[in-house]
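J.: I'm passing along entry_13.pdb; it holds PDB, C-alpha atoms and all ligand atoms.
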```pdb
ATOM      1  CA  MET A   1      22.716  63.690 -72.272  1.00  0.00           C
ATOM      2  CA  PRO A   2      24.557  61.957 -69.410  1.00  0.00           C
ATOM      3  CA  ASN A   3      23.875  58.268 -68.888  1.00  0.00           C
ATOM      4  CA  ALA A   4      22.164  57.156 -65.697  1.00  0.00           C
ATOM      5  CA  ASN A   5      24.561  55.662 -63.146  1.00  0.00           C
ATOM      6  CA  PRO A   6      23.703  52.232 -61.664  1.00  0.00           C
ATOM      7  CA  THR A   7      21.882  53.721 -58.640  1.00  0.00           C
ATOM      8  CA  GLN A   8      19.819  56.029 -60.851  1.00  0.00           C
ATOM      9  CA  HIS A   9      19.156  53.169 -63.223  1.00  0.00           C
ATOM     10  CA  GLY A  10      17.817  51.007 -60.387  1.00  0.00           C
ATOM     11  CA  PHE A  11      15.609  53.849 -59.148  1.00  0.00           C
ATOM     12  CA  LEU A  12      14.262  54.465 -62.661  1.00  0.00           C
ATOM     13  CA  GLU A  13      13.414  50.793 -63.167  1.00  0.00           C
ATOM     14  CA  HIS A  14      11.388  50.760 -59.936  1.00  0.00           C
ATOM     15  CA  LEU A  15       9.545  53.863 -61.113  1.00  0.00           C
ATOM     16  CA  ARG A  16       8.828  52.188 -64.455  1.00  0.00           C
ATOM     17  CA  ARG A  17       7.392  49.113 -62.748  1.00  0.00           C
ATOM     18  CA  ASP A  18       5.129  51.198 -60.495  1.00  0.00           C
ATOM     19  CA  VAL A  19       3.923  53.537 -63.258  1.00  0.00           C
ATOM     20  CA  LEU A  20       3.137  50.585 -65.548  1.00  0.00           C
ATOM     21  CA  GLU A  21       1.131  48.952 -62.798  1.00  0.00           C
ATOM     22  CA  VAL A  22      -0.957  52.104 -62.278  1.00  0.00           C
ATOM     23  CA  MET A  23      -1.418  52.607 -66.032  1.00  0.00           C
ATOM     24  CA  GLN A  24      -2.700  49.063 -66.408  1.00  0.00           C
ATOM     25  CA  SER A  25      -5.280  49.739 -63.721  1.00  0.00           C
ATOM     26  CA  LEU A  26      -6.351  53.030 -65.360  1.00  0.00           C
ATOM     27  CA  PHE A  27      -6.818  51.907 -68.949  1.00  0.00           C
ATOM     28  CA  THR A  28      -6.407  48.752 -70.973  1.00  0.00           C
ATOM     29  CA  LEU A  29      -2.899  48.975 -72.393  1.00  0.00           C
ATOM     30  CA  ASP A  30      -2.667  46.843 -75.504  1.00  0.00           C
ATOM     31  CA  GLU A  31       0.284  44.497 -76.008  1.00  0.00           C
ATOM     32  CA  ASP A  32       2.167  46.866 -78.352  1.00  0.00           C
ATOM     33  CA  LYS A  33       2.032  49.761 -75.911  1.00  0.00           C
ATOM     34  CA  HIS A  34       2.992  47.548 -73.009  1.00  0.00           C
ATOM     35  CA  VAL A  35       6.077  46.352 -74.880  1.00  0.00           C
ATOM     36  CA  LEU A  36       6.964  49.949 -75.830  1.00  0.00           C
ATOM     37  CA  LEU A  37       6.768  51.117 -72.208  1.00  0.00           C
ATOM     38  CA  SER A  38       8.593  48.067 -70.855  1.00  0.00           C
ATOM     39  CA  ASP A  39      11.454  48.430 -73.327  1.00  0.00           C
ATOM     40  CA  VAL A  40      12.012  52.180 -73.700  1.00  0.00           C
ATOM     41  CA  LYS A  41      15.410  53.246 -72.420  1.00  0.00           C
ATOM     42  CA  LEU A  42      15.283  55.399 -69.269  1.00  0.00           C
ATOM     43  CA  GLY A  43      17.899  58.075 -68.585  1.00  0.00           C
ATOM     44  CA  VAL A  44      18.568  61.352 -66.814  1.00  0.00           C
ATOM     45  CA  LEU A  45      18.451  65.005 -67.846  1.00  0.00           C
ATOM     46  CA  ARG A  46      21.391  67.309 -67.222  1.00  0.00           C
ATOM     47  CA  SER A  47      21.367  68.173 -63.530  1.00  0.00           C
ATOM     48  CA  ASN A  48      21.334  71.945 -64.152  1.00  0.00           C
ATOM     49  CA  ALA A  49      17.825  71.855 -65.610  1.00  0.00           C
ATOM     50  CA  THR A  50      15.333  73.723 -63.442  1.00  0.00           C
ATOM     51  CA  GLN A  51      12.093  74.068 -65.398  1.00  0.00           C
ATOM     52  CA  ARG A  52      12.324  70.823 -67.355  1.00  0.00           C
ATOM     53  CA  HIS A  53      11.645  67.760 -65.218  1.00  0.00           C
ATOM     54  CA  GLY A  54      11.279  65.038 -67.832  1.00  0.00           C
ATOM     55  CA  ALA A  55      11.657  64.556 -71.590  1.00  0.00           C
ATOM     56  CA  THR A  56      10.774  61.980 -74.220  1.00  0.00           C
ATOM     57  CA  ARG A  57      13.238  61.977 -77.093  1.00  0.00           C
ATOM     58  CA  TRP A  58      12.692  60.702 -80.615  1.00  0.00           C
ATOM     59  CA  LYS A  59      15.193  60.172 -83.379  1.00  0.00           C
ATOM     60  CA  ARG A  60      14.295  60.925 -86.980  1.00  0.00           C
ATOM     61  CA  GLN A  61      14.972  57.985 -89.271  1.00  0.00           C
ATOM     62  CA  PRO A  62      16.282  58.311 -92.862  1.00  0.00           C
ATOM     63  CA  ASP A  63      12.762  57.600 -94.139  1.00  0.00           C
ATOM     64  CA  GLY A  64      11.446  60.535 -92.096  1.00  0.00           C
ATOM     65  CA  SER A  65       9.663  58.491 -89.432  1.00  0.00           C
ATOM     66  CA  LEU A  66      10.352  59.036 -85.746  1.00  0.00           C
ATOM     67  CA  ASP A  67      11.809  56.341 -83.512  1.00  0.00           C
ATOM     68  CA  LEU A  68      11.482  56.469 -79.771  1.00  0.00           C
ATOM     69  CA  GLU A  69      14.951  56.942 -78.284  1.00  0.00           C
ATOM     70  CA  VAL A  70      14.838  57.569 -74.534  1.00  0.00           C
ATOM     71  CA  VAL A  71      12.767  58.934 -71.666  1.00  0.00           C
ATOM     72  CA  ASP A  72      14.831  61.160 -69.371  1.00  0.00           C
ATOM     73  CA  LEU A  73      13.942  62.302 -65.851  1.00  0.00           C
ATOM     74  CA  HIS A  74      15.654  65.001 -63.817  1.00  0.00           C
ATOM     75  CA  PRO A  75      18.346  63.297 -61.686  1.00  0.00           C
ATOM     76  CA  ALA A  76      17.222  65.222 -58.564  1.00  0.00           C
ATOM     77  CA  LEU A  77      13.843  63.436 -58.826  1.00  0.00           C
ATOM     78  CA  LEU A  78      15.517  60.100 -58.147  1.00  0.00           C
ATOM     79  CA  VAL A  79      15.388  60.335 -54.353  1.00  0.00           C
ATOM     80  CA  GLY A  80      12.806  59.186 -51.818  1.00  0.00           C
ATOM     81  CA  GLU A  81      11.697  62.738 -51.067  1.00  0.00           C
ATOM     82  CA  TRP A  82      10.525  63.367 -54.654  1.00  0.00           C
ATOM     83  CA  ARG A  83       9.428  59.845 -55.536  1.00  0.00           C
ATOM     84  CA  GLY A  84       5.707  60.686 -55.729  1.00  0.00           C
ATOM     85  CA  TYR A  85       6.329  63.521 -58.181  1.00  0.00           C
ATOM     86  CA  ALA A  86       8.854  61.409 -60.119  1.00  0.00           C
ATOM     87  CA  LEU A  87       6.136  58.789 -60.722  1.00  0.00           C
ATOM     88  CA  PHE A  88       3.818  61.475 -62.063  1.00  0.00           C
ATOM     89  CA  VAL A  89       6.514  62.899 -64.370  1.00  0.00           C
ATOM     90  CA  LEU A  90       7.268  59.423 -65.719  1.00  0.00           C
ATOM     91  CA  PHE A  91       3.534  58.841 -66.259  1.00  0.00           C
ATOM     92  CA  HIS A  92       3.393  62.141 -68.203  1.00  0.00           C
ATOM     93  CA  GLU A  93       6.313  61.021 -70.392  1.00  0.00           C
ATOM     94  CA  PHE A  94       4.787  57.563 -70.879  1.00  0.00           C
ATOM     95  CA  LEU A  95       1.636  59.211 -72.262  1.00  0.00           C
ATOM     96  CA  HIS A  96       3.901  60.802 -74.902  1.00  0.00           C
ATOM     97  CA  VAL A  97       5.519  57.400 -75.549  1.00  0.00           C
ATOM     98  CA  VAL A  98       2.198  55.688 -76.305  1.00  0.00           C
ATOM     99  CA  GLY A  99       1.460  58.246 -78.998  1.00  0.00           C
ATOM    100  CA  HIS A 100       0.050  61.395 -77.413  1.00  0.00           C
ATOM    101  CA  ARG A 101       2.692  63.721 -78.775  1.00  0.00           C
ATOM    102  CA  ALA A 102       1.081  67.075 -77.952  1.00  0.00           C
ATOM    103  CA  HIS A 103      -0.170  68.543 -74.682  1.00  0.00           C
ATOM    104  CA  ASP A 104      -3.687  68.761 -76.091  1.00  0.00           C
ATOM    105  CA  ALA A 105      -7.037  68.379 -74.329  1.00  0.00           C
ATOM    106  CA  THR A 106      -6.968  64.573 -74.671  1.00  0.00           C
ATOM    107  CA  PHE A 107      -3.495  64.471 -73.156  1.00  0.00           C
ATOM    108  CA  ARG A 108      -4.565  66.635 -70.197  1.00  0.00           C
ATOM    109  CA  ASP A 109      -7.651  64.434 -69.627  1.00  0.00           C
ATOM    110  CA  LEU A 110      -5.462  61.338 -69.463  1.00  0.00           C
ATOM    111  CA  GLU A 111      -2.909  63.096 -67.262  1.00  0.00           C
ATOM    112  CA  ARG A 112      -5.658  63.998 -64.782  1.00  0.00           C
ATOM    113  CA  LEU A 113      -6.373  60.287 -64.234  1.00  0.00           C
ATOM    114  CA  TRP A 114      -3.164  59.952 -62.190  1.00  0.00           C
ATOM    115  CA  PRO A 115      -4.391  58.879 -58.721  1.00  0.00           C
ATOM    116  CA  ASP A 116      -1.871  60.827 -56.602  1.00  0.00           C
ATOM    117  CA  LYS A 117      -3.383  64.303 -57.054  1.00  0.00           C
ATOM    118  CA  ALA A 118      -1.011  65.981 -54.594  1.00  0.00           C
ATOM    119  CA  ALA A 119       2.070  64.643 -56.376  1.00  0.00           C
ATOM    120  CA  ALA A 120       0.726  65.850 -59.720  1.00  0.00           C
ATOM    121  CA  LYS A 121       0.854  69.428 -58.392  1.00  0.00           C
ATOM    122  CA  GLN A 122       4.479  69.392 -57.210  1.00  0.00           C
ATOM    123  CA  GLY A 123       6.037  70.792 -60.377  1.00  0.00           C
ATOM    124  CA  LYS A 124       6.386  74.347 -59.062  1.00  0.00           C
ATOM    125  CA  ALA A 125       7.784  73.117 -55.749  1.00  0.00           C
ATOM    126  CA  PHE A 126      10.404  71.022 -57.566  1.00  0.00           C
ATOM    127  CA  THR A 127      11.427  73.959 -59.780  1.00  0.00           C
ATOM    128  CA  HIS A 128      11.749  76.141 -56.666  1.00  0.00           C
ATOM    129  CA  ASP A 129      13.810  73.450 -54.935  1.00  0.00           C
ATOM    130  CA  ARG A 130      16.162  73.216 -57.940  1.00  0.00           C
ATOM    131  CA  ARG A 131      16.541  76.988 -58.058  1.00  0.00           C
ATOM    132  CA  LEU A 132      17.333  77.103 -54.341  1.00  0.00           C
ATOM    133  CA  ALA A 133      19.949  74.382 -54.757  1.00  0.00           C
ATOM    134  CA  ARG A 134      21.640  76.242 -57.622  1.00  0.00           C
ATOM    135  CA  ALA A 135      21.120  79.843 -56.498  1.00  0.00           C
ATOM    136  CA  ARG A 136      24.095  82.139 -56.125  1.00  0.00           C
ATOM    137  CA  TRP A 137      21.898  85.176 -55.651  1.00  0.00           C
ATOM    138  CA  HIS A 138      18.586  85.870 -54.013  1.00  0.00           C
ATOM    139  CA  TRP A 139      16.574  88.676 -55.529  1.00  0.00           C
ATOM    140  CA  VAL A 140      14.963  90.093 -52.402  1.00  0.00           C
ATOM    141  CA  CYS A 141      11.926  92.359 -52.196  1.00  0.00           C
ATOM    142  CA  PRO A 142      12.639  95.177 -49.709  1.00  0.00           C
ATOM    143  CA  THR A 143       8.887  95.745 -49.261  1.00  0.00           C
ATOM    144  CA  CYS A 144       7.425  92.289 -48.607  1.00  0.00           C
ATOM    145  CA  GLU A 145      10.703  90.373 -48.096  1.00  0.00           C
ATOM    146  CA  GLN A 146       9.826  87.717 -50.665  1.00  0.00           C
ATOM    147  CA  ARG A 147      12.938  85.966 -52.057  1.00  0.00           C
ATOM    148  CA  TYR A 148      13.576  84.714 -55.570  1.00  0.00           C
ATOM    149  CA  PRO A 149      16.571  82.324 -55.746  1.00  0.00           C
ATOM    150  CA  ARG A 150      18.467  82.765 -59.025  1.00  0.00           C
ATOM    151  CA  GLN A 151      21.842  81.930 -60.576  1.00  0.00           C
ATOM    152  CA  ARG A 152      22.422  85.466 -61.864  1.00  0.00           C
ATOM    153  CA  ARG A 153      22.145  88.969 -60.494  1.00  0.00           C
ATOM    154  CA  GLY A 154      18.892  90.768 -61.172  1.00  0.00           C
ATOM    155  CA  SER A 155      20.750  94.117 -61.403  1.00  0.00           C
ATOM    156  CA  GLY A 156      17.640  96.110 -60.633  1.00  0.00           C
ATOM    157  CA  LYS A 157      15.813  94.848 -63.725  1.00  0.00           C
ATOM    158  CA  TYR A 158      13.138  92.752 -62.018  1.00  0.00           C
ATOM    159  CA  LEU A 159      10.064  93.542 -59.952  1.00  0.00           C
ATOM    160  CA  CYS A 160       8.492  91.617 -57.083  1.00  0.00           C
ATOM    161  CA  LYS A 161       5.589  89.568 -58.454  1.00  0.00           C
ATOM    162  CA  THR A 162       3.485  90.458 -55.436  1.00  0.00           C
ATOM    163  CA  CYS A 163       4.076  94.171 -54.849  1.00  0.00           C
ATOM    164  CA  LYS A 164       6.002  95.355 -57.951  1.00  0.00           C
ATOM    165  CA  THR A 165       8.903  96.758 -55.907  1.00  0.00           C
ATOM    166  CA  VAL A 166      12.350  96.614 -57.600  1.00  0.00           C
ATOM    167  CA  LEU A 167      14.210  93.523 -56.305  1.00  0.00           C
ATOM    168  CA  VAL A 168      17.613  93.840 -54.612  1.00  0.00           C
ATOM    169  CA  ASP A 169      20.477  91.339 -55.144  1.00  0.00           C
ATOM    170  CA  VAL A 170      21.785  89.505 -52.068  1.00  0.00           C
ATOM    171  CA  PRO A 171      24.584  86.942 -52.577  1.00  0.00           C
ATOM    172  CA  VAL A 172      23.814  83.479 -51.169  1.00  0.00           C
ATOM    173  CA  LYS A 173      27.007  83.428 -49.070  1.00  0.00           C
ATOM    174  CA  ASP A 174      25.500  86.278 -47.008  1.00  0.00           C
ATOM    175  CA  ILE A 175      22.323  84.255 -46.409  1.00  0.00           C
ATOM    176  CA  HIS A 176      23.572  80.893 -45.171  1.00  0.00           C
TER     177      HIS A 176
HETATM  178 ZN    ZN B 201       5.080  66.627 -72.016  1.00  0.00          ZN
HETATM  179 ZN    ZN B 202       7.276  92.306 -52.659  1.00  0.00          ZN
END
```
Take the structure from the file and write it as structure tokens.
Ligand SMILES: [Zn+2]
Ligand SMILES: [Zn+2]
T.:
Amino acid sequence: MPNANPTQHGFLEHLRRDVLEVMQSLFTLDEDKHVLLSDVKLGVLRSNATQRHGATRWKRQPDGSLDLEVVDLHPALLVGEWRGYALFVLFHEFLHVVGHRAHDATFRDLERLWPDKAAAKQGKAFTHDRRLARARWHWVCPTCEQRYPRQRRGSGKYLCKTCKTVLVDVPVKDIH
């Protein structure tokens, strides 16, 4: 994984401070967990990720135990425009850090406590935004004109989600 540059690092540290503050108001974080969340290294994902917006990485030790290594966020989240969603993604990763390893019912209950409900729902919008930024082709529906930004041609293999018409490839240079 790439290392965060100084600007990204500064942005990440502000996110950490804000998420910790909210978490402390939501539940009583014991001292151990507070230290874990204050100390965990923060980094960035590769910028070509579209569906993955954050990750918590662990390293297996020789004795088989897992050590927390780093929490990575998508670098495109580290801008003012996406700050609300970035806080939610970091909160999600911090729930993993404090020991909720799986996305089970308990995890989802905790995740739902995040106060900014609108931000918590921005995952699809961020994925779409990333796809638009990286798209070289739009798969266009000739029936309803819906567009699906993608990096590769569809080559007639995909159907419109809405009306099931075969999608047509249009290169991005013909769109802008
Ligand atoms: Zn997760
Ligand atoms: Zn359609």
J.: Taking all atoms listed in the file into account, which residues have an atom no farther than 9 Å from ligand ZN 201 (chain B)? I'd like them as a list in words.
T.: Gly54, Ala55, Thr56, Val89, His92, Glu93, Leu95, His96, Arg101, Ala102, His103 and Phe107 of chain A
J.: Could you tell me, counting only C-alpha atoms and all ligand atoms, which protein and nucleic acid residues lie no more than 12 Å from ligand ZN 202 (chain B), written as JSON, numbers by chain?
T.: {"A": [139, 140, 141, 142, 143, 144, 145, 146, 147, 148, 158, 159, 160, 161, 162, 163, 164, 165, 166, 167, 168]}
J.: Could you write those residues out with C-alpha atoms, as a PDB file, in the frame of the given file?
T.:
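Produced file out.pdb, reproduced below:
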```pdb
ATOM      1  CA  TRP A 139      16.574  88.676 -55.529  1.00  0.00           C
ATOM      2  CA  VAL A 140      14.963  90.093 -52.402  1.00  0.00           C
ATOM      3  CA  CYS A 141      11.926  92.359 -52.196  1.00  0.00           C
ATOM      4  CA  PRO A 142      12.639  95.177 -49.709  1.00  0.00           C
ATOM      5  CA  THR A 143       8.887  95.745 -49.261  1.00  0.00           C
ATOM      6  CA  CYS A 144       7.425  92.289 -48.607  1.00  0.00           C
ATOM      7  CA  GLU A 145      10.703  90.373 -48.096  1.00  0.00           C
ATOM      8  CA  GLN A 146       9.826  87.717 -50.665  1.00  0.00           C
ATOM      9  CA  ARG A 147      12.938  85.966 -52.057  1.00  0.00           C
ATOM     10  CA  TYR A 148      13.576  84.714 -55.570  1.00  0.00           C
ATOM     11  CA  TYR A 158      13.138  92.752 -62.018  1.00  0.00           C
ATOM     12  CA  LEU A 159      10.064  93.542 -59.952  1.00  0.00           C
ATOM     13  CA  CYS A 160       8.492  91.617 -57.083  1.00  0.00           C
ATOM     14  CA  LYS A 161       5.589  89.568 -58.454  1.00  0.00           C
ATOM     15  CA  THR A 162       3.485  90.458 -55.436  1.00  0.00           C
ATOM     16  CA  CYS A 163       4.076  94.171 -54.849  1.00  0.00           C
ATOM     17  CA  LYS A 164       6.002  95.355 -57.951  1.00  0.00           C
ATOM     18  CA  THR A 165       8.903  96.758 -55.907  1.00  0.00           C
ATOM     19  CA  VAL A 166      12.350  96.614 -57.600  1.00  0.00           C
ATOM     20  CA  LEU A 167      14.210  93.523 -56.305  1.00  0.00           C
ATOM     21  CA  VAL A 168      17.613  93.840 -54.612  1.00  0.00           C
TER      22      VAL A 168
END
```
J.: Could you work out how far CA of Lys117 (chain A) lies from CA of Glu21 (chain A), giving the answer in Å with one decimal?
T.: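 Answer for the CA of Glu21 (chain A) to CA of Lys117 (chain A) separation: 17.0 Å.
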J.: Quote the spacing between CA of Arg136 (chain A) and CA of Ala76 (chain A) in Å to one decimal place.
T.: 18.4 Å
J.: If the PyMOL selection byres (((chain A and resi 130) around 10) and not hetatm) is run on the structure shown, which residues does it catch, given as a PyMOL selection string?
T.: chain A and resi 47-51+76+124-129+131-135+149-150
J.: Step by step, work through what the PyMOL selection byres (((chain A and resi 61-67) around 12) and not hetatm) selects in the shown file, and finish by giving those residues as a list of chain:residue names.
T.: A:Leu36, A:Val40, A:Thr56, A:Arg57, A:Trp58, A:Lys59, A:Arg60, A:Leu68, A:Glu69, A:Val70, A:Val97, A:Gly99, A:Arg101
J.: For C-alpha atoms, I'd like the residues from the last selection saved as a PDB file, keeping the file's coordinate frame.
T.:
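Below is the file that was written, result_12.pdb:
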```pdb
ATOM      1  CA  LEU A  36       6.964  49.949 -75.830  1.00  0.00           C
ATOM      2  CA  VAL A  40      12.012  52.180 -73.700  1.00  0.00           C
ATOM      3  CA  THR A  56      10.774  61.980 -74.220  1.00  0.00           C
ATOM      4  CA  ARG A  57      13.238  61.977 -77.093  1.00  0.00           C
ATOM      5  CA  TRP A  58      12.692  60.702 -80.615  1.00  0.00           C
ATOM      6  CA  LYS A  59      15.193  60.172 -83.379  1.00  0.00           C
ATOM      7  CA  ARG A  60      14.295  60.925 -86.980  1.00  0.00           C
ATOM      8  CA  LEU A  68      11.482  56.469 -79.771  1.00  0.00           C
ATOM      9  CA  GLU A  69      14.951  56.942 -78.284  1.00  0.00           C
ATOM     10  CA  VAL A  70      14.838  57.569 -74.534  1.00  0.00           C
ATOM     11  CA  VAL A  97       5.519  57.400 -75.549  1.00  0.00           C
ATOM     12  CA  GLY A  99       1.460  58.246 -78.998  1.00  0.00           C
ATOM     13  CA  ARG A 101       2.692  63.721 -78.775  1.00  0.00           C
TER      14      ARG A 101
END
```
J.: Calculate how many Å separate CA of His9 (chain A) from CA of Val79 (chain A), rounding to one decimal.
T.: 12.0 Å
J.: Find the smallest box with edges along x, y and z containing every listed atom of region 141-153 of chain A, then add 5 Å on each side and report centre and edge lengths in Å to one decimal, as lines of an AutoDock Vina configuration file.
T.:
```
center_x = 14.9
center_y = 88.8
center_z = -55.0
size_x = 25.0
size_y = 23.8
size_z = 23.8
```
J.: Check what the PyMOL selection byres (((chain A and resi 11-20) around 12) and not hetatm) selects in the file above and give those residues as number ranges by chain.
T.: A: 4-10, 21-29, 33-44, 71-80, 82-95, 98, 114-116
J.: Residues at most 7 Å from Trp137 (chain A), counting all atoms listed in the file, excluding those fewer than 6 positions away in the same chain, as a ChimeraX atom specification?
T.: /A:149-153,169-172
